[in-house]
2 protein chains.
Amino acid sequence: MNIKKVAEKAGVSITTVSRVMNSSEKVSESTRKKVMDAVKELNYTPNWFARNLHNDRSNVIGLLIPDMLEQSNMELARGVEKVARQKECNIILCNTEYKKTLEEQTIKTLIERNIDGLILMSSALSEQELRELHSQKLRFVLIDRPDCAETENVVCTNYEEAAEEAVDYFFSLGRKRIAIIVADRAEYIGKNKENGYRKSLEKHGVDVDDSLIIKGEDTIQGGMVAAGKLLEMKNRPDAIFAATDTMAFGVIERIRQEGLTIEDVGVIGFDDIQTGAVMEPKLTTVTKPSYRMGLTAARILFDIIEEEEITEQPQSIVLQSRLKIRKSCGNKERIREIW
Amino acid sequence: MNIKKVAEKAGVSITTVSRVMNSSEKVSESTRKKVMDAVKELNYTPNWFARNLHNDRSNVIGLLIPDMLEQSNMELARGVEKVARQKECNIILCNTEYKKTLEEQTIKTLIERNIDGLILMSSALSEQELRELHSQKLRFVLIDRPDCAETENVVCTNYEEAAEEAVDYFFSLGRKRIAIIVADRAEYIGKNKENGYRKSLEKHGVDVDDSLIIKGEDTIQGGMVAAGKLLEMKNRPDAIFAATDTMAFGVIERIRQEGLTIEDVGVIGFDDIQTGAVMEPKLTTVTKPSYRMGLTAARILFDIIEEEEITEQPQSIVLQSRLKIRKSCGNKERIREIW
DNA sequence: CTGAAAGCGCTAACAC
DNA sequence: GTGTTAGCGCTTTCAG
């Protein structure tokens, strides 16, 4: 089925059919009707590839994230989708499973597919490797890569300060032996959070005890395992900052299994996933503006897509995360419920 | 940048360049090298559109789901992705927000984009409307639409029996006044679950009390609101079957707010989302094989895409959901922890 | 092993 | 208003 057959059926030229399909130039109402009838009868849909041969845009952007099951990633995706819809673009979503090879291979495929641009939450590529993407004339915006803020378009959040704020809060409750569990696979962000942790300790005149800084798999079970290690120490911590809510759930579960309560060991998470608000105790966590990060990244992406030449300096935007105090630190005071 | 420039630079014909790019026919090692050098130097990527003009496949499939934030939907998406990767296809993911207009419009766009096929979790289109998609020569597989099982390719799960099993379990614990909250927007599935509920009551000789069958918004707050209505009844239920885990979280929260416990009102959810395993009490729920549904749907889709003519009868596959007993029904016996 | 040339389905000047 | 024609960038016969 192609434009020629439609033209024959309607008894007009292919140009006329093309004009009708694109509702561009003037076509008399009578011929338009003839064409539309033929289109309907033949169930004609213009060939997307032929159509775009004349265009240099594909109206498709890529979105690469490490894990589709992580809620905050999908909130970001929704933000991206919102903007993409306005721009009449579709999103090809790819999951990299935190694997470098998958990431590289997927980016290659997307470039071959002539996507207009890419929003990239890279967990594995180095700053240098990312920079090399420009040689493929790929337009992209990075998420959560503060290390690239100098040279690339980056949207991230203030992990370091937010982590610092969280640890400060532990101190404000009188807790002093504070541990941190960072997700082993989130290298860049993990470092940021750890830095914030260190800053807070320093500020409060507490020496860093390296045995209180441990890595965990970013799952509930991973949180349980990591918490297990901390709780069996002879000098166990009285506070645990889990760098993701998912791990925090495991930490709390493990504390409970040990017959302890959050009065003994307070817990703060990071991400503010929805279920944190209904578990018992309600999770004190750091809320991250994922949706707005998606919106922002997509807007920047379309800006650079729509530029003729890339002239603008790369932008680096930092959206604010902040502590959301609920109940999991054993604070006794009545605190207004926060959802 | 196009094949011609590469050919010029390499001092060969465009045919040769094409052959090298497709590593198809024989090319001498020396000319291959010349071409590859030119390709690298010019950063040449073949134009996807021109390339596919000769093909009738786009190597892109669509995946339409109502809500990307729902974990089970994304598990399904992972299953689809797994198969798509093997087939070297990309996935365009679209969120319909349970809105009919968005659903229709998105499908139209995807057809224009010449996707090879579509996995469609439709919440709003009627059986008739879905059938009409065939006239657009769209190949598709439906998720969770048992009502279309006769005429379309459908992958679903046994909502009715699983719901029945859940309600049976309440009876086995001696609970008799059992309410059900169905998600207002999940029309088809909700009906199925409600039917299972009715069957169980009938089986146990209990008359259906329509005031115990209510609809709720599929959010934590929606669950709270619905539970509120049930709990303030003069003759309040001693068991609530929430048709989604998300609502179940709200139900449990609300029970707690009323100063009641699960000993007073047992709760069963549906979906088995991860956090159900760490909340307190751990949620008894129905576990749904989302990932396998995604795998299965994608396999069927590629089968029908790869057929020349659509000759096969439509398939309808039902994967089994089953009750996962944890703690939220107030059962005292020690039960092996189930994750 | 390599190249010339004919399309793929469509759009966009350019005529009429 | 409508048709003719020349490409878009690539693949694919068909000759050499």
# chains A, B, ... in the order shown; residues from 1 in each chain; ligands from 1
>>> interface_residues(of="chain B", to="chain A", cutoff="8 Å", atoms="only C-alpha atoms", output="short mmCIF file (atom, residue, chain, number, x, y, z; two decimals) with C-alpha atoms, in the first residue's frame")
data_model
loop_
_atom_site.label_atom_id
_atom_site.label_comp_id
_atom_site.auth_asym_id
_atom_site.auth_seq_id
_atom_site.Cartn_x
_atom_site.Cartn_y
_atom_site.Cartn_z
CA ASN B 43 31.65 10.07 11.82
CA TYR B 44 29.21 8.56 9.44
CA THR B 45 26.05 6.80 10.62
CA PRO B 46 23.74 5.50 7.92
CA ASN B 47 20.43 7.26 7.70
CA TRP B 48 17.91 5.09 9.44
CA PHE B 49 15.04 6.24 7.30
CA ALA B 50 16.69 5.71 3.97
CA ASN B 52 14.35 1.21 6.14
CA LEU B 53 12.70 2.44 3.03
CA MET B 68 4.45 3.93 34.53
CA LEU B 69 4.60 4.41 38.26
CA GLN B 71 5.54 -1.38 39.66
CA MET B 74 7.15 -1.96 34.79
CA GLU B 75 7.85 -5.58 35.61
CA ARG B 78 11.00 -5.61 31.63
CA GLU B 81 12.21 -5.59 26.88
CA ASN B 90 13.36 -1.01 20.60
CA ILE B 91 10.35 -0.16 22.65
CA ILE B 92 8.42 3.06 22.54
CA LEU B 93 6.79 3.33 25.92
CA CYS B 94 3.66 5.38 26.34
CA ILE B 111 0.63 3.51 13.74
CA GLU B 112 1.89 6.54 11.85
CA ARG B 113 5.34 5.75 13.10
CA ASN B 114 5.04 2.36 11.45
CA SER B 135 -8.30 -2.61 9.82
CA GLN B 136 -5.19 -0.47 10.27
CA PHE B 249 -1.47 0.10 52.16
CA GLY B 250 -3.97 2.89 52.62
CA GLU B 253 -2.92 2.81 57.52
CA THR B 275 7.29 -3.14 49.69
CA VAL B 278 8.54 -5.08 54.59
CA MET B 279 5.62 -3.16 55.88
CA GLU B 280 4.26 -4.06 59.26
#
>>> interface_residues(of="chain D", to="chain B", cutoff="8 Å", atoms="only C-alpha atoms (C1' of nucleotides)", output="number ranges by chain")
D: 8-11
>>> closest_atom_pairs(of="chain C", to="chain A", cutoff="10 Å", atoms="only C-alpha atoms (C1' of nucleotides)", output="CSV")
residue,atom,partner,partner_atom,distance
C:DC8,C1',A:Ala50,CA,8.1
C:DG9,C1',A:Ala50,CA,5.1
C:DC10,C1',A:Ala50,CA,5.1
C:DT11,C1',A:His54,CA,6.9
C:DA12,C1',A:Thr15,CA,9.4
>>> atom_distance(atom1="atom CA of Ile240 of chain A", atom2="atom CA of Gly216 of chain A")
12.6 Å
>>> atom_distance(atom1="atom CA of Thr96 of chain B", atom2="atom CA of Ile273 of chain B")
21.1 Å
>>> residues_around(residues="DA13 of chain C", least_positions_apart="5", cutoff="12 Å", atoms="only C-alpha atoms (C1' of nucleotides)", output="list in words")
Thr15 of chain A; DT4, DT5, DA6 and DG7 of chain D
>>> atom_distance(atom1="atom CA of Ala242 of chain B", atom2="atom CA of Ala179 of chain B")
8.4 Å
>>> select_by_dssp(residues="segment 85-285 of chain B", states="strand (DSSP E)", output="VMD selection string")
chain B and resid 90 to 95 117 to 120 140 to 143 154 to 157 178 to 183 213 to 216 239 to 242 266 to 268 285
>>> residues_around(residues="DG16 of chain D", least_positions_apart="6", cutoff="12 Å", atoms="only C-alpha atoms (C1' of nucleotides)", output="ChimeraX atom specification")
/C:1-4
>>> write_last_selection(atoms="C-alpha atoms (C1' of nucleotides)", output="PDB file, in the first residue's frame")
ATOM      1  C1'  DC C   1      35.390  -8.187  -5.954  1.00  0.00           C
ATOM      2  C1'  DT C   2      33.399  -3.657  -7.584  1.00  0.00           C
ATOM      3  C1'  DG C   3      30.344  -0.200  -9.894  1.00  0.00           C
ATOM      4  C1'  DA C   4      26.233   1.736 -12.567  1.00  0.00           C
TER       5       DA C   4
END
>>> residues_around(residues="Arg236 of chain A", least_positions_apart="5", cutoff="8 Å", atoms="only C-alpha atoms (C1' of nucleotides)", output="number ranges by chain")
A: 177, 230-231
>>> select_by_dssp(residues="segment 143-188 of chain A", states="helix (DSSP H, G or I)", output="list of chain:residue names")
A:Pro146, A:Asp147, A:Cys148, A:Tyr159, A:Glu160, A:Glu161, A:Ala162, A:Ala163, A:Glu164, A:Glu165, A:Ala166, A:Val167, A:Asp168, A:Tyr169, A:Phe170, A:Phe171, A:Ser172, A:Glu187, A:Tyr188
>>> write_last_selection(atoms="N, CA and C atoms", output="mmCIF file, in the first residue's frame")
data_model
loop_
_atom_site.group_PDB
_atom_site.id
_atom_site.type_symbol
_atom_site.label_atom_id
_atom_site.label_comp_id
_atom_site.auth_asym_id
_atom_site.auth_seq_id
_atom_site.Cartn_x
_atom_site.Cartn_y
_atom_site.Cartn_z
ATOM 1 N N PRO A 146 26.980 14.976 38.442
ATOM 2 C CA PRO A 146 27.592 16.259 38.795
ATOM 3 C C PRO A 146 29.057 16.334 38.371
ATOM 4 N N ASP A 147 29.688 15.175 38.250
ATOM 5 C CA ASP A 147 31.098 15.194 37.856
ATOM 6 C C ASP A 147 31.301 15.725 36.440
ATOM 7 N N CYS A 148 30.225 15.752 35.644
ATOM 8 C CA CYS A 148 30.356 16.223 34.265
ATOM 9 C C CYS A 148 29.812 17.637 34.083
ATOM 10 N N TYR A 159 22.861 16.014 46.077
ATOM 11 C CA TYR A 159 23.006 14.828 46.930
ATOM 12 C C TYR A 159 23.862 15.093 48.155
ATOM 13 N N GLU A 160 24.932 15.809 47.929
ATOM 14 C CA GLU A 160 25.882 15.986 49.015
ATOM 15 C C GLU A 160 25.251 16.768 50.166
ATOM 16 N N GLU A 161 24.690 17.918 49.843
ATOM 17 C CA GLU A 161 24.080 18.734 50.905
ATOM 18 C C GLU A 161 22.917 18.028 51.563
ATOM 19 N N ALA A 162 22.124 17.331 50.734
ATOM 20 C CA ALA A 162 20.955 16.660 51.290
ATOM 21 C C ALA A 162 21.385 15.565 52.257
ATOM 22 N N ALA A 163 22.438 14.852 51.879
ATOM 23 C CA ALA A 163 22.942 13.808 52.773
ATOM 24 C C ALA A 163 23.466 14.438 54.052
ATOM 25 N N GLU A 164 24.133 15.560 53.882
ATOM 26 C CA GLU A 164 24.672 16.251 55.052
ATOM 27 C C GLU A 164 23.531 16.642 55.989
ATOM 28 N N GLU A 165 22.473 17.158 55.400
ATOM 29 C CA GLU A 165 21.318 17.571 56.197
ATOM 30 C C GLU A 165 20.738 16.379 56.966
ATOM 31 N N ALA A 166 20.697 15.242 56.299
ATOM 32 C CA ALA A 166 20.147 14.052 56.942
ATOM 33 C C ALA A 166 20.996 13.653 58.147
ATOM 34 N N VAL A 167 22.291 13.662 57.948
ATOM 35 C CA VAL A 167 23.176 13.251 59.042
ATOM 36 C C VAL A 167 23.142 14.293 60.164
ATOM 37 N N ASP A 168 23.061 15.553 59.775
ATOM 38 C CA ASP A 168 22.919 16.614 60.785
ATOM 39 C C ASP A 168 21.720 16.329 61.677
ATOM 40 N N TYR A 169 20.667 15.872 61.033
ATOM 41 C CA TYR A 169 19.434 15.610 61.783
ATOM 42 C C TYR A 169 19.652 14.521 62.832
ATOM 43 N N PHE A 170 20.416 13.501 62.453
ATOM 44 C CA PHE A 170 20.756 12.473 63.450
ATOM 45 C C PHE A 170 21.457 13.121 64.643
ATOM 46 N N PHE A 171 22.402 13.985 64.350
ATOM 47 C CA PHE A 171 23.134 14.646 65.440
ATOM 48 C C PHE A 171 22.170 15.449 66.304
ATOM 49 N N SER A 172 21.233 16.117 65.657
ATOM 50 C CA SER A 172 20.311 16.975 66.411
ATOM 51 C C SER A 172 19.461 16.153 67.375
ATOM 52 N N GLU A 187 27.778 4.493 41.674
ATOM 53 C CA GLU A 187 29.097 4.982 42.014
ATOM 54 C C GLU A 187 29.153 6.492 42.275
ATOM 55 N N TYR A 188 28.714 7.255 41.269
ATOM 56 C CA TYR A 188 28.882 8.699 41.355
ATOM 57 C C TYR A 188 28.043 9.309 42.459
#
>>> decode(residues="chain D", atoms="C-alpha atoms (C1' of nucleotides)", output="JSON list (two decimals), in the first residue's frame")
[["chain", "number", "residue", "atom", "x", "y", "z"],
["D", 1, "DG", "C1'", -5.83, 23.88, -7.74],
["D", 2, "DT", "C1'", -3.42, 20.24, -9.70],
["D", 3, "DG", "C1'", 0.23, 17.57, -12.06],
["D", 4, "DT", "C1'", 5.26, 16.74, -13.53],
["D", 5, "DT", "C1'", 9.54, 15.84, -12.11],
["D", 6, "DA", "C1'", 13.61, 15.72, -9.53],
["D", 7, "DG", "C1'", 15.55, 14.22, -5.71],
["D", 8, "DC", "C1'", 16.05, 12.44, -0.27],
["D", 9, "DG", "C1'", 20.00, 8.30, 1.17],
["D", 10, "DC", "C1'", 20.12, 3.95, 0.76],
["D", 11, "DT", "C1'", 19.83, -1.14, -1.05],
["D", 12, "DT", "C1'", 19.79, -4.22, -4.65],
["D", 13, "DT", "C1'", 19.80, -6.27, -9.10],
["D", 14, "DC", "C1'", 22.71, -6.74, -12.91],
["D", 15, "DA", "C1'", 26.97, -6.23, -15.43],
["D", 16, "DG", "C1'", 31.47, -6.25, -15.63]]
